[in-house]
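Remarks on the structure that follows.
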Amino acid sequence: MSGRSGQRALGALGGLVAGAAGLAAGELASAAVRREASPVTAVGDAAIELAPVGLTDWAIDVFGTNDKLALEIGIVAVLGLCAAVLGALAPRFRLIGPAGAALFGLVGVAAAVTRPDAGGGDAWPSVLAAVAAGAVLWVLAGRLAESPDGAAGDGDGFDRRGFLTALGAAAAASAGAGLWGRALHSADSAEAAASRAALTIPAPDVPAAPVPPAAELDVPGLGPFLTPNRLFYRIDTALRVPRVDATRWRLRVSGRGVPRPVTMTLDQLLRRELVERDITLTCVSNPVGGTLIGNARWIGVQLADVLREAGVRPPSEGGPADQLVARSVDGMTLGSPLETVMDGRDALLAVGMNGEPLPFEHGFPVRMVVPGLYGYVSACKWLQGLELTTFDDFDAYWVDRGWAEQGPIKTQSRIDTPRPSSPPVAGRVPVAGVAWAQHTGIERVEVRVDDGPWQEAELAAEDTADTWRQWRWDWTAEPGEHRLQVRATDRAGRTQTETTTGTAPDGATGWHTVTLEVREG
Ligand SMILES: Nc1nc2c(c(=O)[nH]1)N[C@H]1C(S)=C(S)[C@@H](COP(=O)(O)O)O[C@H]1N2
Ligand SMILES: [Mo]
């Protein structure tokens, strides 16, 4: 290796270590401030917020629930690449290290202080990260540049041994600081975990009837009627799942037409009448045939009761507000039509999900669930505030990004089996899936093969109108390629339209279509 290229390679290595030092300093400092103020998290959160809807939808499609991990890896990779380039140039242009670090620091600061839930100290982790990275790069570059022509006696024209010693020291210090920061973060989240472990949700005052056994069909390939929590889809913008300490949680109800604003603790919430309800939650980003839907047994408090106590009246009773904005601890806002959440349906402030406190991923300690509304206009996780306002005065997060103000769930159906990945053998093939029209109920499901006549499927027993419904239809399948389609009709008499639309702005339409090859028997 010639002296020059050796120097550049070592410089790049130095750049990487300087970058790592910056990340470690940011991690450690954010433990003292707020873990969401860590530069990578802040920049990631900002990227999610600024990304056009098409891009986030694409990311959900490609990476699914790993979309956030992909984003973090992407950010660290870009950072690493830039750090290596800066490091390679630094021995010859000493100022480039501190200048580059300052630039990245500024990006971090800008991202951190513009988070909706930013606190006063949120700029510090990025500032300290930049100082650490800039300083390490300055020192390392100095070792590479210092000795003119073989002064260190190793023939490379620079102080290789001095450089490697400093590099090792910087790497060790970064690893130490990074691990220390991680340990502090996990101590914080241990408090939240302890508060969850200590929480016993009282038995509901109004239990749900048991799920009728006939609501669940015994067809291989058909999922369970109640979706276990670990299989429940997860959609949110949180790069780090908020871990709220339940003992410190408060809910505030305030805003227009709230004569008696309320603040309550979790204990106070749990002392109210608890109801148990089965409700199927659906994401507006669920494509036709998609999996962003799940059905759970929730325990919670009737939201309308809490609102009434605060003196809230819906528009039909002359109340001045028509929008209920739910705000989460991470600054997310979701806006629901007030008339809908107060129309007598089981709009819940939920604390329990399938027999346990809400998992952190699903909104611990309290979230909203409203049957019949897509999650983005109703299902606020990590809830901390309910603000009464009007749709004219306030656009919630997703509405600001082009999604519809109103998000009633569209009647839909899905074929779960057979699927092209496990093609069936000719003969009698059970075709089965789910259909949903929350708060209206499913009236009929029909299946057709190769554009033939629609055939009525057998419906499983209904649990409630707020839950999905399984269905099956027995197909005498001939070998060869075939196309299966399904459509549902709800109890309001609406049959799913054939017209295919994407998920934006208010939910996908069209018939789920499965094309597969039936094998010879
Ligand atoms: N705080 C917060 N709540 C949120 C979201 C979010 O990004 N942040 N996403 C909403 C969306 S779009 C959906 S579909 C549901 C998903 O709930 P789940 O992740 O428990 O399935 O949560 C809703 N509540
Ligand atoms: Mo969603």
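By order of appearance in the structure tokens: chains A, B, ..., then residues from 1 within every chain, and ligands from 1 in the order shown.
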
Give one line per residue of chain A that approaches ligand 2 to at most 9 Å, naming the two atoms of the closest pair and their distance in Å to one decimal, counting only C-alpha atoms and all ligand atoms; sort by chain then ascending residue number and deliver it as a tab-separated table.
```
residue	atom	partner	partner_atom_place_in_ligand_line	distance
A:Arg234	CA	ligand 2	1 (Mo)	8.6
A:Ile235	CA	ligand 2	1 (Mo)	5.9
A:Asp236	CA	ligand 2	1 (Mo)	7.3
A:Thr282	CA	ligand 2	1 (Mo)	6.9
A:Cys283	CA	ligand 2	1 (Mo)	3.5
A:Val284	CA	ligand 2	1 (Mo)	4.9
A:Ser285	CA	ligand 2	1 (Mo)	5.6
A:Asn286	CA	ligand 2	1 (Mo)	7.6
A:Leu292	CA	ligand 2	1 (Mo)	7.9
A:Tyr374	CA	ligand 2	1 (Mo)	6.5
A:Gly375	CA	ligand 2	1 (Mo)	4.8
A:Tyr376	CA	ligand 2	1 (Mo)	4.7
A:Val377	CA	ligand 2	1 (Mo)	8.3
A:Ala379	CA	ligand 2	1 (Mo)	8.5
```

Worksheet item: How would you write, as a ChimeraX atom specification, the set of residues no farther than 9 Å from ligand 1 when counting only C-alpha atoms and all ligand atoms?
Response: /A:229,232-238,242,281-286,292-294,326-334,358-359,361-363,367-369,374-383,397-398

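Secondary structure by DSSP on the backbone puts the following residues of stretch 287-486 of chain A in helix (DSSP H, G or I): Leu303, Ala304, Asp305, Val306, Leu307, Arg308, Glu309, Pro315, Ser316, Glu317, Leu338, Glu339, Thr340, Val341, Phe360, Glu361, His362, Gly375, Tyr376, Val377, Tyr397, Trp398, Val399 and Asp400 of chain A.
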
I need the residues from that last selection saved to file as a tab-separated table (two decimals), in the first residue's frame (with N, CA, C and O atoms), if you can.
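part.tsv written:
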```tsv
chain	number	residue	atom	x	y	z
A	303	LEU	N	-65.80	5.91	26.40
A	303	LEU	CA	-65.30	7.27	26.17
A	303	LEU	C	-66.42	8.32	26.29
A	303	LEU	O	-66.23	9.40	26.86
A	304	ALA	N	-67.60	7.98	25.77
A	304	ALA	CA	-68.71	8.95	25.78
A	304	ALA	C	-69.07	9.35	27.21
A	304	ALA	O	-69.40	10.51	27.47
A	305	ASP	N	-68.99	8.39	28.16
A	305	ASP	CA	-69.31	8.70	29.57
A	305	ASP	C	-68.35	9.75	30.11
A	305	ASP	O	-68.74	10.67	30.81
A	306	VAL	N	-67.05	9.56	29.82
A	306	VAL	CA	-66.04	10.50	30.30
A	306	VAL	C	-66.31	11.88	29.70
A	306	VAL	O	-66.25	12.90	30.39
A	307	LEU	N	-66.64	11.90	28.41
A	307	LEU	CA	-66.91	13.19	27.74
A	307	LEU	C	-68.15	13.86	28.35
A	307	LEU	O	-68.15	15.06	28.62
A	308	ARG	N	-69.19	13.09	28.57
A	308	ARG	CA	-70.43	13.65	29.16
A	308	ARG	C	-70.13	14.26	30.52
A	308	ARG	O	-70.65	15.33	30.85
A	309	GLU	N	-69.35	13.55	31.31
A	309	GLU	CA	-69.03	14.07	32.64
A	309	GLU	C	-68.31	15.40	32.58
A	309	GLU	O	-68.46	16.25	33.45
A	315	PRO	N	-72.44	17.59	18.33
A	315	PRO	CA	-73.07	18.63	17.51
A	315	PRO	C	-74.59	18.50	17.47
A	315	PRO	O	-75.30	19.51	17.51
A	316	SER	N	-75.11	17.26	17.43
A	316	SER	CA	-76.57	17.09	17.33
A	316	SER	C	-77.29	17.60	18.58
A	316	SER	O	-78.50	17.80	18.56
A	317	GLU	N	-76.56	17.80	19.67
A	317	GLU	CA	-77.17	18.38	20.87
A	317	GLU	C	-76.72	19.82	21.07
A	317	GLU	O	-76.78	20.35	22.18
A	338	LEU	N	-66.79	13.75	16.55
A	338	LEU	CA	-67.37	13.68	17.90
A	338	LEU	C	-68.74	13.02	17.88
A	338	LEU	O	-69.09	12.24	18.76
A	339	GLU	N	-69.52	13.33	16.83
A	339	GLU	CA	-70.87	12.76	16.75
A	339	GLU	C	-70.78	11.23	16.75
A	339	GLU	O	-71.57	10.56	17.42
A	340	THR	N	-69.81	10.69	16.02
A	340	THR	CA	-69.68	9.24	15.92
A	340	THR	C	-69.27	8.61	17.26
A	340	THR	O	-69.85	7.61	17.67
A	341	VAL	N	-68.29	9.22	17.93
A	341	VAL	CA	-67.83	8.58	19.17
A	341	VAL	C	-68.87	8.70	20.28
A	341	VAL	O	-68.79	7.99	21.28
A	360	PHE	N	-46.87	-2.62	25.26
A	360	PHE	CA	-46.29	-1.29	24.96
A	360	PHE	C	-46.52	-0.93	23.49
A	360	PHE	O	-46.87	0.20	23.17
A	361	GLU	N	-46.33	-1.91	22.59
A	361	GLU	CA	-46.47	-1.65	21.15
A	361	GLU	C	-47.89	-1.21	20.79
A	361	GLU	O	-48.12	-0.59	19.76
A	362	HIS	N	-48.85	-1.60	21.61
A	362	HIS	CA	-50.25	-1.32	21.28
A	362	HIS	C	-50.85	-0.24	22.16
A	362	HIS	O	-52.06	-0.12	22.26
A	375	GLY	N	-58.07	3.06	12.07
A	375	GLY	CA	-57.20	3.40	13.19
A	375	GLY	C	-56.68	4.83	13.15
A	375	GLY	O	-56.56	5.48	14.19
A	376	TYR	N	-56.39	5.35	11.95
A	376	TYR	CA	-55.75	6.66	11.87
A	376	TYR	C	-56.66	7.81	12.29
A	376	TYR	O	-56.20	8.93	12.49
A	377	VAL	N	-57.98	7.56	12.40
A	377	VAL	CA	-58.89	8.61	12.88
A	377	VAL	C	-59.53	8.23	14.22
A	377	VAL	O	-60.56	8.79	14.58
A	397	TYR	N	-52.66	14.80	12.40
A	397	TYR	CA	-51.42	14.40	11.72
A	397	TYR	C	-51.63	13.84	10.30
A	397	TYR	O	-51.05	14.33	9.34
A	398	TRP	N	-52.46	12.82	10.17
A	398	TRP	CA	-52.58	12.17	8.85
A	398	TRP	C	-53.39	13.03	7.88
A	398	TRP	O	-53.16	12.97	6.67
A	399	VAL	N	-54.32	13.80	8.41
A	399	VAL	CA	-55.12	14.67	7.55
A	399	VAL	C	-54.22	15.74	6.93
A	399	VAL	O	-54.32	16.08	5.75
A	400	ASP	N	-53.29	16.21	7.75
A	400	ASP	CA	-52.29	17.17	7.29
A	400	ASP	C	-51.46	16.59	6.14
A	400	ASP	O	-50.87	17.32	5.35
```

Worksheet entry | Long-range neighbours of A:Arg469 as a PyMOL selection string, 8 Å cut-off, only C-alpha atoms, 6 positions minimum in chain | chain A and resi 215+434-436+442+459-463

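Residue nearest A:Arg444, chosen from A:Ala492, A:Arg428, A:Gly407, A:Gly176 and counting only C-alpha atoms: A:Ala492.
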
Worksheet entry | A:Ser189 surroundings by only C-alpha atoms, 10 Å radius, close-in-sequence under 5 positions cut, as a ChimeraX atom specification | /A:183-184,194-195,242-245

Practice prompt. Write out as a ChimeraX atom specification all residues of stretch 36-270 of chain A that DSSP puts in strand (DSSP E) for this structure's backbone.
Written response: /A:250-255,262-265

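Nearest to A:Ala197 of all the residues A:Pro365, A:Ala175, A:Ser254, A:Leu269 is A:Pro365, counting only C-alpha atoms.
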
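Take the candidates A:Val43, A:Val17, A:Ala123, A:Val109 and check each one against A:Leu164 using only C-alpha atoms; the shortest distance goes to A:Val17.
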
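Among the candidate residues A:Ala24, A:Leu137, A:Leu199, A:Val241, the one lying nearest to A:Ala84 is A:Leu137, with distances computed using only C-alpha atoms.
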
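Residue neighbourhood of A:Gln302, excluding near-sequence residues (fewer than 3 positions): Glu273, Leu274, Val275, Asp305, Val306, Asp346, Ala347, Leu348, Leu349 and Ala350 of chain A, at 9 Å, using only C-alpha atoms.
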
Discussion item. Please list as a PyMOL selection string every residue within 6 Å of stretch 30-41 of chain A, counting only C-alpha atoms and excluding residues in the same chain fewer than 3 positions away.
Written reply: chain A and resi 26-27+44-45+108+112+122+125-126+181+184-185

Would you mind exporting N, CA and C atoms of the selected residues as a short mmCIF file (atom, residue, chain, number, x, y, z; two decimals), in the first residue's frame?
```
data_model
loop_
_atom_site.label_atom_id
_atom_site.label_comp_id
_atom_site.auth_asym_id
_atom_site.auth_seq_id
_atom_site.Cartn_x
_atom_site.Cartn_y
_atom_site.Cartn_z
N GLY A 26 -24.20 10.88 21.72
CA GLY A 26 -25.62 11.23 21.58
C GLY A 26 -26.49 10.30 22.40
N GLU A 27 -26.14 9.03 22.37
CA GLU A 27 -26.91 8.03 23.11
C GLU A 27 -26.84 8.30 24.61
N GLY A 44 -34.62 10.22 12.47
CA GLY A 44 -35.54 9.22 11.93
C GLY A 44 -36.99 9.67 12.08
N ASP A 45 -37.32 10.17 13.29
CA ASP A 45 -38.69 10.65 13.51
C ASP A 45 -39.02 11.80 12.56
N GLY A 108 -29.11 17.21 13.33
CA GLY A 108 -29.67 16.56 14.52
C GLY A 108 -30.42 17.54 15.40
N ALA A 112 -34.29 17.41 16.31
CA ALA A 112 -34.68 17.19 17.71
C ALA A 112 -35.62 18.29 18.22
N ASP A 122 -33.60 19.08 24.38
CA ASP A 122 -33.50 18.11 23.30
C ASP A 122 -32.38 18.37 22.29
N PRO A 125 -28.15 16.38 23.04
CA PRO A 125 -27.52 15.15 22.54
C PRO A 125 -26.86 15.35 21.17
N SER A 126 -27.51 16.09 20.28
CA SER A 126 -26.92 16.30 18.95
C SER A 126 -25.69 17.21 19.04
N GLY A 181 -24.92 4.53 27.96
CA GLY A 181 -26.18 5.16 27.53
C GLY A 181 -27.30 4.14 27.42
N LEU A 184 -28.57 3.13 30.79
CA LEU A 184 -29.45 4.14 31.39
C LEU A 184 -30.84 4.11 30.75
N HIS A 185 -30.85 3.95 29.41
CA HIS A 185 -32.14 3.87 28.74
C HIS A 185 -32.95 2.69 29.25
#
```

Hey, which bits of stretch 381-413 of chain A sit within 8 Å of stretch 504-516 of chain A, and for each residue what's the closest pair of atoms and how far apart in Å (one decimal), counting only C-alpha atoms, rows by chain and increasing number, as JSON lines?
```
{"residue": "A:Gly402", "atom": "CA", "partner": "A:Pro505", "partner_atom": "CA", "distance": 6.6}
{"residue": "A:Trp403", "atom": "CA", "partner": "A:Pro505", "partner_atom": "CA", "distance": 4.4}
{"residue": "A:Ala404", "atom": "CA", "partner": "A:Pro505", "partner_atom": "CA", "distance": 5.2}
{"residue": "A:Gln406", "atom": "CA", "partner": "A:Asp506", "partner_atom": "CA", "distance": 7.7}
{"residue": "A:Gly407", "atom": "CA", "partner": "A:Asp506", "partner_atom": "CA", "distance": 6.0}
{"residue": "A:Ile409", "atom": "CA", "partner": "A:Gly507", "partner_atom": "CA", "distance": 7.5}
{"residue": "A:Lys410", "atom": "CA", "partner": "A:Gly507", "partner_atom": "CA", "distance": 6.9}
{"residue": "A:Gln412", "atom": "CA", "partner": "A:Thr509", "partner_atom": "CA", "distance": 7.6}
{"residue": "A:Ser413", "atom": "CA", "partner": "A:His512", "partner_atom": "CA", "distance": 6.9}
```

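Using only C-alpha atoms, the residues found no farther than 10 Å from A:Leu79, other than those of its own chain fewer than 5 positions away, are Leu16, Gly19, Ala20, Leu23, Val40, Ile73, Gly74, Ala84 and Phe104 of chain A.
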
Response to the item:
Of A:Ala198, A:Val425, A:Val136, A:Val219, the one sitting nearest A:Trp471 when using only C-alpha atoms is A:Val219

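Atom pair atom CA of A:Asp188 / atom CA of A:Trp249 has a distance of 14.7 Å (rounded to one decimal).
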